[in-house]
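Pasted below: work31.cif, mmCIF, C-alpha atoms.
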```
data_entry
loop_
_atom_site.label_atom_id
_atom_site.label_comp_id
_atom_site.auth_asym_id
_atom_site.auth_seq_id
_atom_site.Cartn_x
_atom_site.Cartn_y
_atom_site.Cartn_z
CA MET A 1 38.00 -65.51 -39.37
CA ALA A 2 38.04 -64.98 -35.60
CA ALA A 3 40.85 -64.27 -33.15
CA ILE A 4 40.25 -65.64 -29.63
CA THR A 5 41.97 -64.22 -26.55
CA ASP A 6 41.52 -65.01 -22.85
CA ILE A 7 40.97 -61.90 -20.73
CA GLY A 8 40.15 -61.09 -17.06
CA GLU A 9 39.40 -63.75 -14.44
CA LEU A 10 35.95 -64.44 -13.07
CA ALA A 11 36.14 -63.79 -9.33
CA ALA A 12 33.77 -66.58 -8.37
CA ALA A 13 34.60 -69.46 -10.69
CA GLY A 14 38.14 -68.58 -11.65
CA GLN A 15 37.31 -69.16 -15.30
CA PRO A 16 38.61 -66.68 -17.87
CA LEU A 17 36.45 -64.42 -19.94
CA ARG A 18 37.26 -64.66 -23.63
CA ALA A 19 37.42 -62.01 -26.33
CA VAL A 20 36.61 -63.02 -29.90
CA VAL A 21 37.16 -60.63 -32.82
CA HIS A 22 35.25 -61.39 -36.04
CA ASP A 23 36.24 -59.80 -39.34
CA SER A 24 32.67 -59.51 -40.65
CA ILE A 25 29.26 -58.83 -39.19
CA ALA A 26 27.95 -62.00 -40.83
CA ARG A 27 30.26 -64.15 -38.69
CA ALA A 28 28.98 -62.43 -35.55
CA GLU A 29 25.30 -62.33 -36.53
CA THR A 30 24.14 -65.38 -34.57
CA ALA A 31 25.64 -64.16 -31.28
CA TRP A 32 24.54 -60.60 -32.04
CA ARG A 33 20.89 -61.46 -32.57
CA ARG A 34 20.89 -63.78 -29.57
CA LEU A 35 22.14 -60.95 -27.36
CA GLN A 36 19.60 -58.51 -28.83
CA GLN A 37 16.70 -60.86 -28.11
CA ASP A 38 16.77 -60.35 -24.33
CA GLY A 39 19.64 -57.91 -23.95
CA VAL A 40 20.32 -54.20 -23.66
CA TYR A 41 21.52 -52.13 -26.60
CA GLY A 42 21.44 -48.67 -28.09
CA PRO A 43 19.27 -48.21 -31.20
CA TYR A 44 22.37 -47.53 -33.30
CA GLN A 45 24.09 -50.80 -32.41
CA ARG A 46 21.36 -53.20 -33.47
CA PHE A 47 22.33 -55.63 -36.22
CA ASP A 48 19.88 -54.39 -38.86
CA TRP A 49 20.99 -50.75 -38.48
CA VAL A 50 24.68 -51.67 -38.83
CA ALA A 51 24.08 -54.03 -41.78
CA ALA A 52 22.12 -51.35 -43.65
CA TYR A 53 24.82 -48.76 -42.90
CA LEU A 54 27.52 -50.95 -44.41
CA ASP A 55 25.44 -52.02 -47.41
CA ALA A 56 24.62 -48.37 -48.21
CA GLY A 57 28.32 -47.68 -48.68
CA PHE A 58 28.97 -45.31 -45.78
CA ALA A 59 32.25 -47.08 -44.92
CA PRO A 60 33.58 -48.61 -48.15
CA ASP A 61 37.19 -48.97 -47.00
CA ALA A 62 36.72 -49.84 -43.34
CA HIS A 63 38.09 -53.03 -41.84
CA ILE A 64 35.41 -54.74 -39.71
CA ALA A 65 36.24 -56.04 -36.23
CA VAL A 66 33.25 -57.22 -34.20
CA LEU A 67 34.40 -57.74 -30.62
CA THR A 68 32.44 -60.36 -28.67
CA ILE A 69 33.06 -61.08 -24.98
CA LEU A 70 32.14 -64.55 -23.77
CA GLU A 71 31.72 -66.12 -20.35
CA HIS A 72 32.86 -69.67 -21.06
CA ASP A 73 31.26 -70.07 -24.53
CA ARG A 74 28.24 -67.83 -23.88
CA PRO A 75 28.29 -64.33 -25.44
CA ILE A 76 27.65 -61.66 -22.80
CA ALA A 77 28.59 -58.53 -24.76
CA LEU A 78 29.32 -57.40 -28.30
CA ILE A 79 30.73 -54.18 -29.76
CA PRO A 80 30.86 -53.75 -33.56
CA PHE A 81 33.91 -51.80 -34.73
CA GLU A 82 35.22 -50.45 -37.99
CA ILE A 83 38.97 -49.85 -38.13
CA VAL A 84 39.69 -46.68 -40.09
CA SER A 85 42.97 -44.98 -40.96
CA LYS A 86 43.39 -41.43 -39.65
CA PHE A 87 46.72 -39.58 -39.87
CA GLY A 88 48.56 -42.87 -40.03
CA LEU A 89 46.70 -44.30 -37.02
CA ARG A 90 44.48 -47.36 -36.96
CA VAL A 91 41.41 -46.05 -35.12
CA ALA A 92 38.72 -48.44 -33.90
CA GLN A 93 35.31 -46.77 -33.74
CA ILE A 94 31.83 -48.23 -33.48
CA ILE A 95 30.36 -48.95 -36.90
CA GLY A 96 28.10 -46.07 -37.90
CA MET A 97 29.48 -43.65 -35.32
CA SER A 98 29.54 -40.83 -37.88
CA ILE A 99 25.73 -40.91 -38.31
CA SER A 100 24.60 -42.15 -34.90
CA ASN A 101 23.60 -40.48 -31.64
CA GLY A 102 25.86 -42.36 -29.28
CA ASP A 103 27.99 -45.43 -28.65
CA ALA A 104 27.01 -48.46 -26.58
CA PRO A 105 27.59 -52.20 -26.48
CA VAL A 106 24.99 -54.92 -26.88
CA PHE A 107 25.05 -56.86 -23.61
CA ASP A 108 23.31 -59.27 -21.28
CA PRO A 109 22.15 -57.26 -18.25
CA GLN A 110 22.46 -60.33 -16.01
CA SER A 111 26.19 -60.42 -16.77
CA ALA A 112 26.85 -56.68 -16.68
CA HIS A 113 28.83 -57.02 -13.44
CA LEU A 114 31.48 -58.95 -15.38
CA LEU A 115 32.02 -56.04 -17.78
CA THR A 116 34.41 -54.23 -15.47
CA PRO A 117 36.71 -51.48 -16.75
CA LYS A 118 39.63 -53.92 -16.48
CA ALA A 119 37.85 -56.62 -18.48
CA LEU A 120 36.71 -54.12 -21.11
CA ARG A 121 40.19 -52.63 -21.49
CA GLU A 122 41.73 -56.08 -21.90
CA ALA A 123 39.11 -57.03 -24.48
CA LEU A 124 39.55 -53.76 -26.40
CA ALA A 125 43.32 -54.29 -26.45
CA THR A 126 42.76 -57.36 -28.67
CA LEU A 127 41.53 -55.17 -31.55
CA PRO A 128 43.86 -54.57 -34.51
CA ALA A 129 44.09 -50.86 -33.72
CA ASP A 130 46.30 -48.16 -32.23
CA ILE A 131 43.43 -46.29 -30.57
CA VAL A 132 39.86 -47.17 -29.57
CA ASN A 133 37.69 -44.07 -29.92
CA PHE A 134 34.16 -43.84 -28.49
CA HIS A 135 31.97 -40.78 -29.07
CA CYS A 136 29.01 -39.50 -27.09
CA VAL A 137 28.75 -42.31 -24.55
CA ALA A 138 25.64 -41.83 -22.40
CA PRO A 139 25.80 -42.82 -18.71
CA GLU A 140 22.74 -45.05 -19.09
CA ILE A 141 20.99 -47.10 -21.74
CA GLY A 142 17.36 -46.98 -20.69
CA GLU A 143 17.25 -48.26 -17.12
CA HIS A 144 20.74 -49.80 -17.26
CA VAL A 145 24.22 -48.38 -16.72
CA ASN A 146 26.20 -48.16 -19.96
CA PRO A 147 29.29 -50.35 -19.31
CA LEU A 148 31.39 -48.10 -21.54
CA ALA A 149 30.72 -45.14 -19.23
CA ARG A 150 32.77 -46.88 -16.53
CA LEU A 151 35.86 -46.33 -18.68
CA GLY A 152 35.86 -42.60 -17.91
CA GLY A 153 36.21 -39.92 -20.56
CA ASN A 154 35.69 -36.24 -21.26
CA PRO A 155 32.48 -34.32 -22.07
CA ALA A 156 31.59 -34.63 -25.76
CA PRO A 157 31.10 -31.54 -27.97
CA ASP A 158 27.32 -32.05 -28.11
CA ASN A 159 24.81 -32.64 -25.35
CA PHE A 160 22.27 -35.46 -25.50
CA TYR A 161 18.53 -35.01 -24.91
CA VAL A 162 16.64 -37.85 -23.21
CA ASN A 163 13.65 -38.42 -20.94
CA ALA A 164 11.75 -41.23 -19.25
CA LEU A 165 8.15 -41.67 -20.39
CA GLU A 166 5.95 -42.34 -17.42
CA PRO A 167 2.85 -44.44 -18.17
CA GLY A 168 -0.54 -42.87 -17.68
CA ASP A 169 -3.89 -42.13 -19.27
CA ALA A 170 -3.51 -38.34 -19.43
CA PRO A 171 -1.77 -36.87 -22.50
CA PHE A 172 1.97 -36.39 -21.99
CA ILE A 173 1.77 -32.64 -22.56
CA GLU A 174 -0.78 -32.30 -19.75
CA GLN A 175 1.63 -34.04 -17.37
CA SER A 176 4.93 -32.52 -18.43
CA LEU A 177 4.67 -29.24 -20.33
CA PRO A 178 4.02 -25.78 -18.86
CA HIS A 179 0.60 -24.25 -19.43
CA LYS A 180 1.74 -21.74 -22.06
CA ARG A 181 3.44 -24.41 -24.18
CA ARG A 182 0.46 -26.79 -23.89
CA THR A 183 -1.88 -24.02 -24.97
CA ASN A 184 0.28 -23.19 -28.00
CA ILE A 185 0.34 -26.82 -29.15
CA ARG A 186 -3.41 -27.26 -28.69
CA ARG A 187 -4.09 -24.00 -30.52
CA SER A 188 -1.80 -25.01 -33.40
CA GLN A 189 -3.54 -28.36 -33.75
CA ARG A 190 -6.95 -26.68 -33.75
CA ARG A 191 -5.90 -24.11 -36.37
CA LEU A 192 -4.41 -26.80 -38.59
CA ASP A 193 -7.60 -28.80 -38.30
CA GLU A 194 -9.71 -25.77 -39.21
CA GLY A 195 -7.51 -24.55 -42.04
CA PHE A 196 -6.27 -27.74 -43.68
CA GLY A 197 -8.38 -30.66 -42.49
CA PRO A 198 -8.31 -33.31 -39.76
CA VAL A 199 -4.95 -33.64 -38.01
CA THR A 200 -3.59 -37.19 -37.68
CA LEU A 201 -0.21 -38.80 -37.04
CA HIS A 202 0.33 -41.83 -39.25
CA ARG A 203 3.18 -44.34 -39.34
CA ALA A 204 4.12 -45.69 -42.78
CA LYS A 205 2.60 -49.16 -43.23
CA THR A 206 3.01 -49.77 -46.98
CA PRO A 207 5.88 -49.38 -49.49
CA ALA A 208 3.97 -46.56 -51.20
CA GLU A 209 3.67 -44.66 -47.90
CA VAL A 210 7.40 -45.12 -47.30
CA GLU A 211 8.18 -43.54 -50.66
CA THR A 212 5.75 -40.67 -50.13
CA ILE A 213 6.93 -39.79 -46.63
CA LEU A 214 10.61 -40.03 -47.57
CA GLU A 215 10.20 -37.68 -50.53
CA VAL A 216 8.29 -35.15 -48.41
CA PHE A 217 10.96 -35.39 -45.71
CA LEU A 218 13.78 -34.82 -48.21
CA ASP A 219 11.99 -31.81 -49.70
CA GLN A 220 11.14 -30.23 -46.35
CA ARG A 221 14.53 -30.92 -44.83
CA GLY A 222 16.35 -29.74 -47.93
CA ARG A 223 14.65 -26.35 -47.83
CA ARG A 224 15.43 -26.05 -44.13
CA PHE A 225 19.11 -26.79 -44.74
CA VAL A 226 19.23 -24.12 -47.44
CA GLN A 227 17.91 -21.63 -44.89
CA MET A 228 20.57 -22.78 -42.40
CA GLY A 229 23.31 -22.61 -45.01
CA VAL A 230 24.37 -26.24 -44.57
CA GLU A 231 24.58 -29.17 -46.95
CA ASN A 232 21.57 -31.50 -47.12
CA ILE A 233 23.46 -34.69 -46.35
CA PHE A 234 20.23 -36.71 -46.42
CA GLN A 235 20.04 -36.24 -50.19
CA ARG A 236 23.18 -38.30 -50.58
CA PRO A 237 22.53 -41.69 -52.24
CA ALA A 238 23.83 -43.59 -49.21
CA PHE A 239 21.30 -41.96 -46.87
CA ARG A 240 18.41 -42.42 -49.28
CA GLN A 241 19.25 -46.12 -49.68
CA PHE A 242 19.75 -46.53 -45.93
CA PHE A 243 16.43 -44.96 -44.92
CA ARG A 244 14.44 -46.70 -47.66
CA ARG A 245 15.83 -50.16 -46.90
CA LEU A 246 15.24 -50.03 -43.14
CA ALA A 247 11.83 -48.41 -43.48
CA LEU A 248 10.69 -51.14 -45.87
CA GLU A 249 12.19 -53.92 -43.72
CA GLY A 250 10.42 -52.52 -40.66
CA LEU A 251 6.90 -52.23 -42.06
CA ASP A 252 5.65 -55.27 -40.16
CA GLN A 253 7.83 -54.81 -37.07
CA ASP A 254 6.52 -53.33 -33.84
CA ARG A 255 9.84 -51.63 -33.04
CA PRO A 256 11.83 -51.40 -36.28
CA ALA A 257 15.30 -50.04 -36.97
CA ILE A 258 13.64 -47.16 -38.86
CA SER A 259 10.05 -45.96 -38.63
CA LEU A 260 8.56 -43.10 -40.59
CA HIS A 261 5.79 -40.99 -39.06
CA ALA A 262 3.95 -38.24 -40.92
CA LEU A 263 1.73 -35.53 -39.49
CA TYR A 264 -1.19 -35.04 -41.85
CA ALA A 265 -3.43 -31.99 -41.92
CA GLY A 266 -6.15 -33.16 -44.25
CA GLU A 267 -4.34 -34.70 -47.23
CA THR A 268 -1.14 -32.72 -46.70
CA ILE A 269 1.95 -33.96 -44.85
CA VAL A 270 3.01 -30.98 -42.77
CA ALA A 271 5.74 -32.66 -40.67
CA THR A 272 7.69 -35.91 -40.50
CA SER A 273 9.62 -37.83 -37.87
CA ILE A 274 12.19 -40.51 -38.62
CA GLY A 275 13.06 -42.63 -35.61
CA THR A 276 14.60 -45.87 -34.44
CA TYR A 277 13.98 -48.20 -31.51
CA GLY A 278 15.83 -49.95 -28.74
CA PRO A 279 14.12 -52.63 -26.63
CA ALA A 280 11.84 -50.13 -24.84
CA HIS A 281 13.22 -46.89 -26.20
CA TYR A 282 12.49 -44.55 -29.11
CA SER A 283 15.14 -42.28 -30.60
CA GLN A 284 13.96 -39.48 -32.87
CA TYR A 285 16.73 -39.45 -35.45
CA ILE A 286 15.67 -36.54 -37.65
CA ASN A 287 12.50 -34.59 -38.43
CA SER A 288 11.16 -32.04 -40.89
CA THR A 289 8.40 -29.46 -41.06
CA ASP A 290 6.42 -27.76 -43.83
CA TYR A 291 7.66 -24.48 -45.29
CA GLY A 292 4.28 -23.18 -46.53
CA ASP A 293 1.28 -21.70 -44.73
CA ALA A 294 1.28 -24.48 -42.16
CA SER A 295 4.73 -23.39 -40.96
CA ARG A 296 3.02 -20.63 -38.96
CA TYR A 297 1.99 -23.25 -36.42
CA SER A 298 3.91 -25.39 -33.94
CA LEU A 299 4.21 -28.38 -36.28
CA MET A 300 6.87 -30.26 -34.36
CA GLY A 301 5.06 -29.60 -31.10
CA VAL A 302 1.87 -31.13 -32.49
CA THR A 303 3.82 -34.04 -34.01
CA LEU A 304 5.60 -34.88 -30.78
CA SER A 305 2.51 -34.51 -28.62
CA LEU A 306 0.78 -37.19 -30.68
CA LEU A 307 3.89 -39.34 -31.17
CA VAL A 308 4.84 -39.48 -27.51
CA ASP A 309 1.35 -40.59 -26.52
CA GLN A 310 1.47 -43.34 -29.17
CA LEU A 311 4.87 -44.48 -27.87
CA ARG A 312 3.66 -44.62 -24.27
CA ALA A 313 0.60 -46.63 -25.32
CA ASN A 314 2.93 -49.10 -27.06
CA GLY A 315 5.06 -49.67 -23.96
CA ILE A 316 7.98 -47.39 -24.79
CA LYS A 317 9.62 -46.26 -21.55
CA SER A 318 12.07 -43.61 -22.72
CA LEU A 319 12.63 -41.11 -25.51
CA ASP A 320 15.64 -39.30 -26.85
CA MET A 321 15.95 -36.50 -29.38
CA GLY A 322 19.59 -37.10 -30.13
CA LEU A 323 22.59 -34.81 -30.01
CA GLY A 324 22.67 -31.07 -30.53
CA ASP A 325 21.32 -28.11 -28.59
CA PHE A 326 17.96 -26.86 -29.86
CA ASP A 327 15.48 -25.08 -27.59
CA TYR A 328 12.46 -27.14 -28.68
CA LYS A 329 14.05 -30.33 -27.34
CA THR A 330 13.81 -29.13 -23.74
CA ASP A 331 10.00 -29.31 -23.90
CA TRP A 332 10.20 -33.08 -24.24
CA THR A 333 13.56 -34.16 -22.88
CA HIS A 334 16.32 -33.23 -20.45
CA ARG A 335 19.81 -32.21 -21.41
CA GLN A 336 22.48 -34.76 -20.49
CA THR A 337 26.26 -34.60 -20.76
CA VAL A 338 27.71 -37.51 -22.73
CA PHE A 339 31.36 -38.50 -22.98
CA ASP A 340 34.13 -39.18 -25.45
CA ILE A 341 36.55 -41.97 -24.56
CA VAL A 342 39.96 -42.31 -26.21
CA LEU A 343 41.84 -45.48 -25.25
CA PRO A 344 45.34 -45.97 -26.66
CA VAL A 345 46.25 -49.57 -27.49
CA SER A 346 49.70 -49.29 -29.08
CA ALA A 347 52.75 -47.09 -28.43
CA LEU A 348 51.72 -44.98 -31.42
CA GLY A 349 48.25 -44.66 -29.94
CA HIS A 350 49.64 -43.45 -26.59
CA GLY A 351 51.43 -40.65 -28.40
CA ALA A 352 48.39 -39.58 -30.42
CA ALA A 353 45.65 -39.91 -27.77
CA PRO A 354 46.23 -36.48 -26.17
CA LEU A 355 45.88 -34.84 -29.60
CA LEU A 356 42.54 -36.55 -30.26
CA ARG A 357 41.26 -35.61 -26.82
CA GLY A 358 42.40 -32.03 -27.35
CA ALA A 359 40.65 -31.76 -30.71
CA ARG A 360 37.33 -32.95 -29.25
CA ALA A 361 37.72 -30.62 -26.25
CA ALA A 362 38.27 -27.69 -28.61
CA LYS A 363 35.19 -28.67 -30.58
CA ARG A 364 33.13 -28.72 -27.36
CA LYS A 365 34.48 -25.29 -26.43
CA ILE A 366 33.32 -23.91 -29.78
CA LYS A 367 29.90 -25.58 -29.70
CA GLN A 368 29.14 -24.65 -26.11
CA THR A 369 30.25 -21.00 -26.49
CA PRO A 370 27.48 -19.11 -28.37
CA SER A 371 29.76 -16.46 -29.89
CA LEU A 372 32.28 -19.02 -31.15
CA TRP A 373 29.54 -21.30 -32.46
CA LYS A 374 27.96 -18.40 -34.35
CA LEU A 375 31.31 -17.67 -36.03
CA ALA A 376 31.75 -21.36 -36.89
CA ARG A 377 28.27 -21.57 -38.41
CA THR A 378 28.91 -18.43 -40.45
CA ALA A 379 32.12 -19.92 -41.83
CA GLN A 380 30.35 -23.21 -42.54
CA SER A 381 27.58 -21.44 -44.45
CA ALA A 382 30.15 -19.52 -46.49
CA MET A 383 31.91 -22.75 -47.44
CA VAL A 384 28.63 -24.39 -48.47
CA GLY A 385 27.73 -21.35 -50.57
CA LEU A 386 31.15 -21.35 -52.23
CA ARG A 387 30.85 -25.06 -53.00
CA ARG A 388 27.43 -24.52 -54.60
CA THR A 389 28.82 -21.66 -56.69
CA VAL A 390 31.78 -23.71 -57.89
CA LEU A 391 29.60 -26.70 -58.75
CA GLY A 392 27.15 -24.42 -60.55
CA GLN A 393 29.91 -22.84 -62.62
CA SER A 394 31.32 -26.28 -63.45
CA GLY A 395 27.89 -27.39 -64.63
CA ASP A 396 27.64 -24.37 -66.95
CA ARG A 397 30.77 -25.32 -68.88
#
```
Using structure tokens, write down the structure that the file contains.
Amino acid sequence: MAAITDIGELAAAGQPLRAVVHDSIARAETAWRRLQQDGVYGPYQRFDWVAAYLDAGFAPDAHIAVLTILEHDRPIALIPFEIVSKFGLRVAQIIGMSISNGDAPVFDPQSAHLLTPKALREALATLPADIVNFHCVAPEIGEHVNPLARLGGNPAPDNFYVNALEPGDAPFIEQSLPHKRRTNIRRSQRRLDEGFGPVTLHRAKTPAEVETILEVFLDQRGRRFVQMGVENIFQRPAFRQFFRRLALEGLDQDRPAISLHALYAGETIVATSIGTYGPAHYSQYINSTDYGDASRYSLMGVTLSLLVDQLRANGIKSLDMGLGDFDYKTDWTHRQTVFDIVLPVSALGHGAAPLLRGARAAKRKIKQTPSLWKLARTAQSAMVGLRRTVLGQSGDR
């Protein structure tokens, strides 16, 4: 079913914009795919990503509300929401927010001027929610302003890492990285080649390659998480199903919702990169590196040096490495502040909004203060260790 509401007036024609709320992604699919065809969107708001997220069971109890904004009867923007219950509040958040790297609408860039803060607020007020909660809204989506950013907000707990990829014949590292870092990457590639065999970066093109690369990724990432003292969430059935489905669906696509790249040294996969695409954008979602002898070398540096050059050759104009502050990201991308936006819709929402904003501000304070973040990570590791001990003891009974 769909609820239709007239919202802000068009200045020129005097015709109202309309907001339509669909209760399933299937009902919105036609408009969604039409907007994607020539529109602007973040990688985590494309239809295939959202459909796979829901089918994998990440949000079993969520109520779906896909908000579409129309000029006359023509869709000009779409935002897919799940309505979740938190502390007695109905909170509208973009579907998949918990596993994505930022919120954005899908929209027609020729009509972006109509997506004013007033029009967006009126459209969002039609949702069956007390609060609309956006996380990690970037100021731009590729070369376009993110309409959600015009709503204001507060700095999110994590920073975002993004960079434009200038076209050119010279390798990216020769154009952008300092001499010492370039030398280290070149030396690592040469040593890998000498010690293990020819170094190549290969994207999965067959179902068998998907299975192989995924299993290597899960093994490598799992060992890394043990070292970090955190849970390997990617071993959860939902993630395994999600990655496998999208990787298989994207085998024949130029810019799929999930692509798997593996760095081979001879016959051995020594690093992996799992990424997703926007129209002319690549987002590295997660990666992994070998834990054996090859770990002595700059595996992610070699992987990215080859991957970025492949992306540029294929017409990709920008790259992001997601949320979270890690030193290696600054070789390839620039740190950017992104924003949380909490918009109350009901009277209950107006009362709760300051608490939600305060909680996110406190989380940013912890994450952006090294001493506090170290304490938080220590506590997190202790909890993970305790959980493993309890589960192990339960299994022994």
Selected residue, from A:Ala125, A:Ser273, A:Ala31, A:Gly322, that lies nearest to Ile99 in chain A when counting all atoms listed in the file: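 Of all the options, A:Gly322 lies closest to Ile99 in chain A.
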CA of Phe234 in chain A to CA of Asp340 in chain A, straight-line distance in Å: 25.3 Å
Selection result for the PyMOL selection byres ((chain A and resi 299-308) around 7) on this file, as a PyMOL selection string: chain A and resi 172-173+185+189+201+263+271+289+295+297-298+309-312
Selected residue, from A:Glu194, A:Leu356, A:Ala149, A:Pro279, that lies nearest to Gly39 in chain A when counting all atoms listed in the file: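 Distance minimum relative to Gly39 in chain A lands on A:Pro279.
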Picked residues, the PyMOL selection byres ((chain A and resi 32) around 12), expected as number ranges by chain: A: 22, 24-31, 33-41, 45-48, 50-51, 66-70, 74-80, 105-108
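Once the PyMOL selection byres ((chain A and resi 258) around 6) is applied to the depicted file, the selected set reads Leu246, Ala247, Pro256, Ala257, Ser259, Gly275 and Thr276 of chain A.
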Prev. selection, C-alpha atoms, output as a PDB file, in the frame of the given file:
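Written file, selection31.pdb:
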```
ATOM      1  CA  LEU A 246      15.240 -50.030 -43.140  1.00  0.00           C
ATOM      2  CA  ALA A 247      11.830 -48.410 -43.480  1.00  0.00           C
ATOM      3  CA  PRO A 256      11.830 -51.400 -36.280  1.00  0.00           C
ATOM      4  CA  ALA A 257      15.300 -50.040 -36.970  1.00  0.00           C
ATOM      5  CA  SER A 259      10.050 -45.960 -38.630  1.00  0.00           C
ATOM      6  CA  GLY A 275      13.060 -42.630 -35.610  1.00  0.00           C
ATOM      7  CA  THR A 276      14.600 -45.870 -34.440  1.00  0.00           C
TER       8      THR A 276
END
```
Give the centre and edge lengths of an axis-aligned box, in Å to one decimal, that holds all listed atoms of range 14-29 of chain A with 6 Å on each side, as lines of an AutoDock Vina configuration file.
```
center_x = 32.0
center_y = -64.0
center_z = -26.2
size_x = 25.3
size_y = 22.3
size_z = 41.2
```
Could you pull the residues within 8 Å of Val345 in chain A, counting all atoms listed in the file, minus those fewer than 3 positions along the same chain, as a compact mmCIF listing (two decimals) with C-alpha atoms, in the frame of the given file?
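Heads up, here's the output in out22.txt:
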```txt
# COMPACT_ATOMS: atom_id res chain seq x y z
CA LEU A 124 39.55 -53.76 -26.40
CA ALA A 125 43.32 -54.29 -26.45
CA ALA A 129 44.09 -50.86 -33.72
CA ASP A 130 46.30 -48.16 -32.23
CA ILE A 131 43.43 -46.29 -30.57
CA VAL A 132 39.86 -47.17 -29.57
CA GLY A 349 48.25 -44.66 -29.94
CA HIS A 350 49.64 -43.45 -26.59
```
Neighbour residues at most 8 Å from (31.9, -36.1, -19.0) (all atoms listed in the file) as a PyMOL selection string: chain A and resi 152-156+337-340
Separation of CA of Thr333 in chain A from CA of Gly292 in chain A in Å: 27.7 Å
Hey, which bits of range 249-302 of chain A sit within 7 Å of range 211-221 of chain A, and for each residue what's the closest pair of atoms and how far apart in Å (one decimal), counting all atoms listed in the file, rows by chain and increasing number, as a Markdown table?
```
| residue | atom | partner | partner_atom | distance |
| --- | --- | --- | --- | --- |
| A:Ala262 | CA | A:Ile213 | CA | 6.6 |
| A:Thr272 | CA | A:Phe217 | CA | 6.2 |
| A:Ser288 | CA | A:Arg221 | CA | 5.3 |
| A:Thr289 | CA | A:Gln220 | CA | 6.0 |
| A:Asp290 | CA | A:Gln220 | CA | 5.9 |
| A:Tyr291 | CA | A:Gln220 | CA | 6.8 |
```
d(CA of Phe160 in chain A, CA of Val210 in chain A) in Å: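 Computing the Euclidean distance for CA of Phe160 in chain A and CA of Val210 in chain A yields 28.1 Å.
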From A:His144, A:His334, A:Arg190, A:Arg255, residue lying nearest His281 in chain A [only C-alpha atoms]: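 Going through A:His144, A:His334, A:Arg190, A:Arg255 one by one, the smallest distance to His281 in chain A is for A:Arg255.
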Selection near range 174-183 of chain A, 8 Å with all atoms listed in the file, sequence-local residues under 3 positions removed, as a PyMOL selection string: chain A and resi 170-171+186-187+331-332
Using all atoms listed in the file: which of A:Leu89, A:Ile94, A:Ile233, A:Ile64 has the shortest distance to Gly351 in chain A: A:Leu89
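Closest approach to Leu151 in chain A among A:Gly358, A:Gly168, A:Pro117, A:Pro128 is made by A:Pro117 (distances from all atoms listed in the file).
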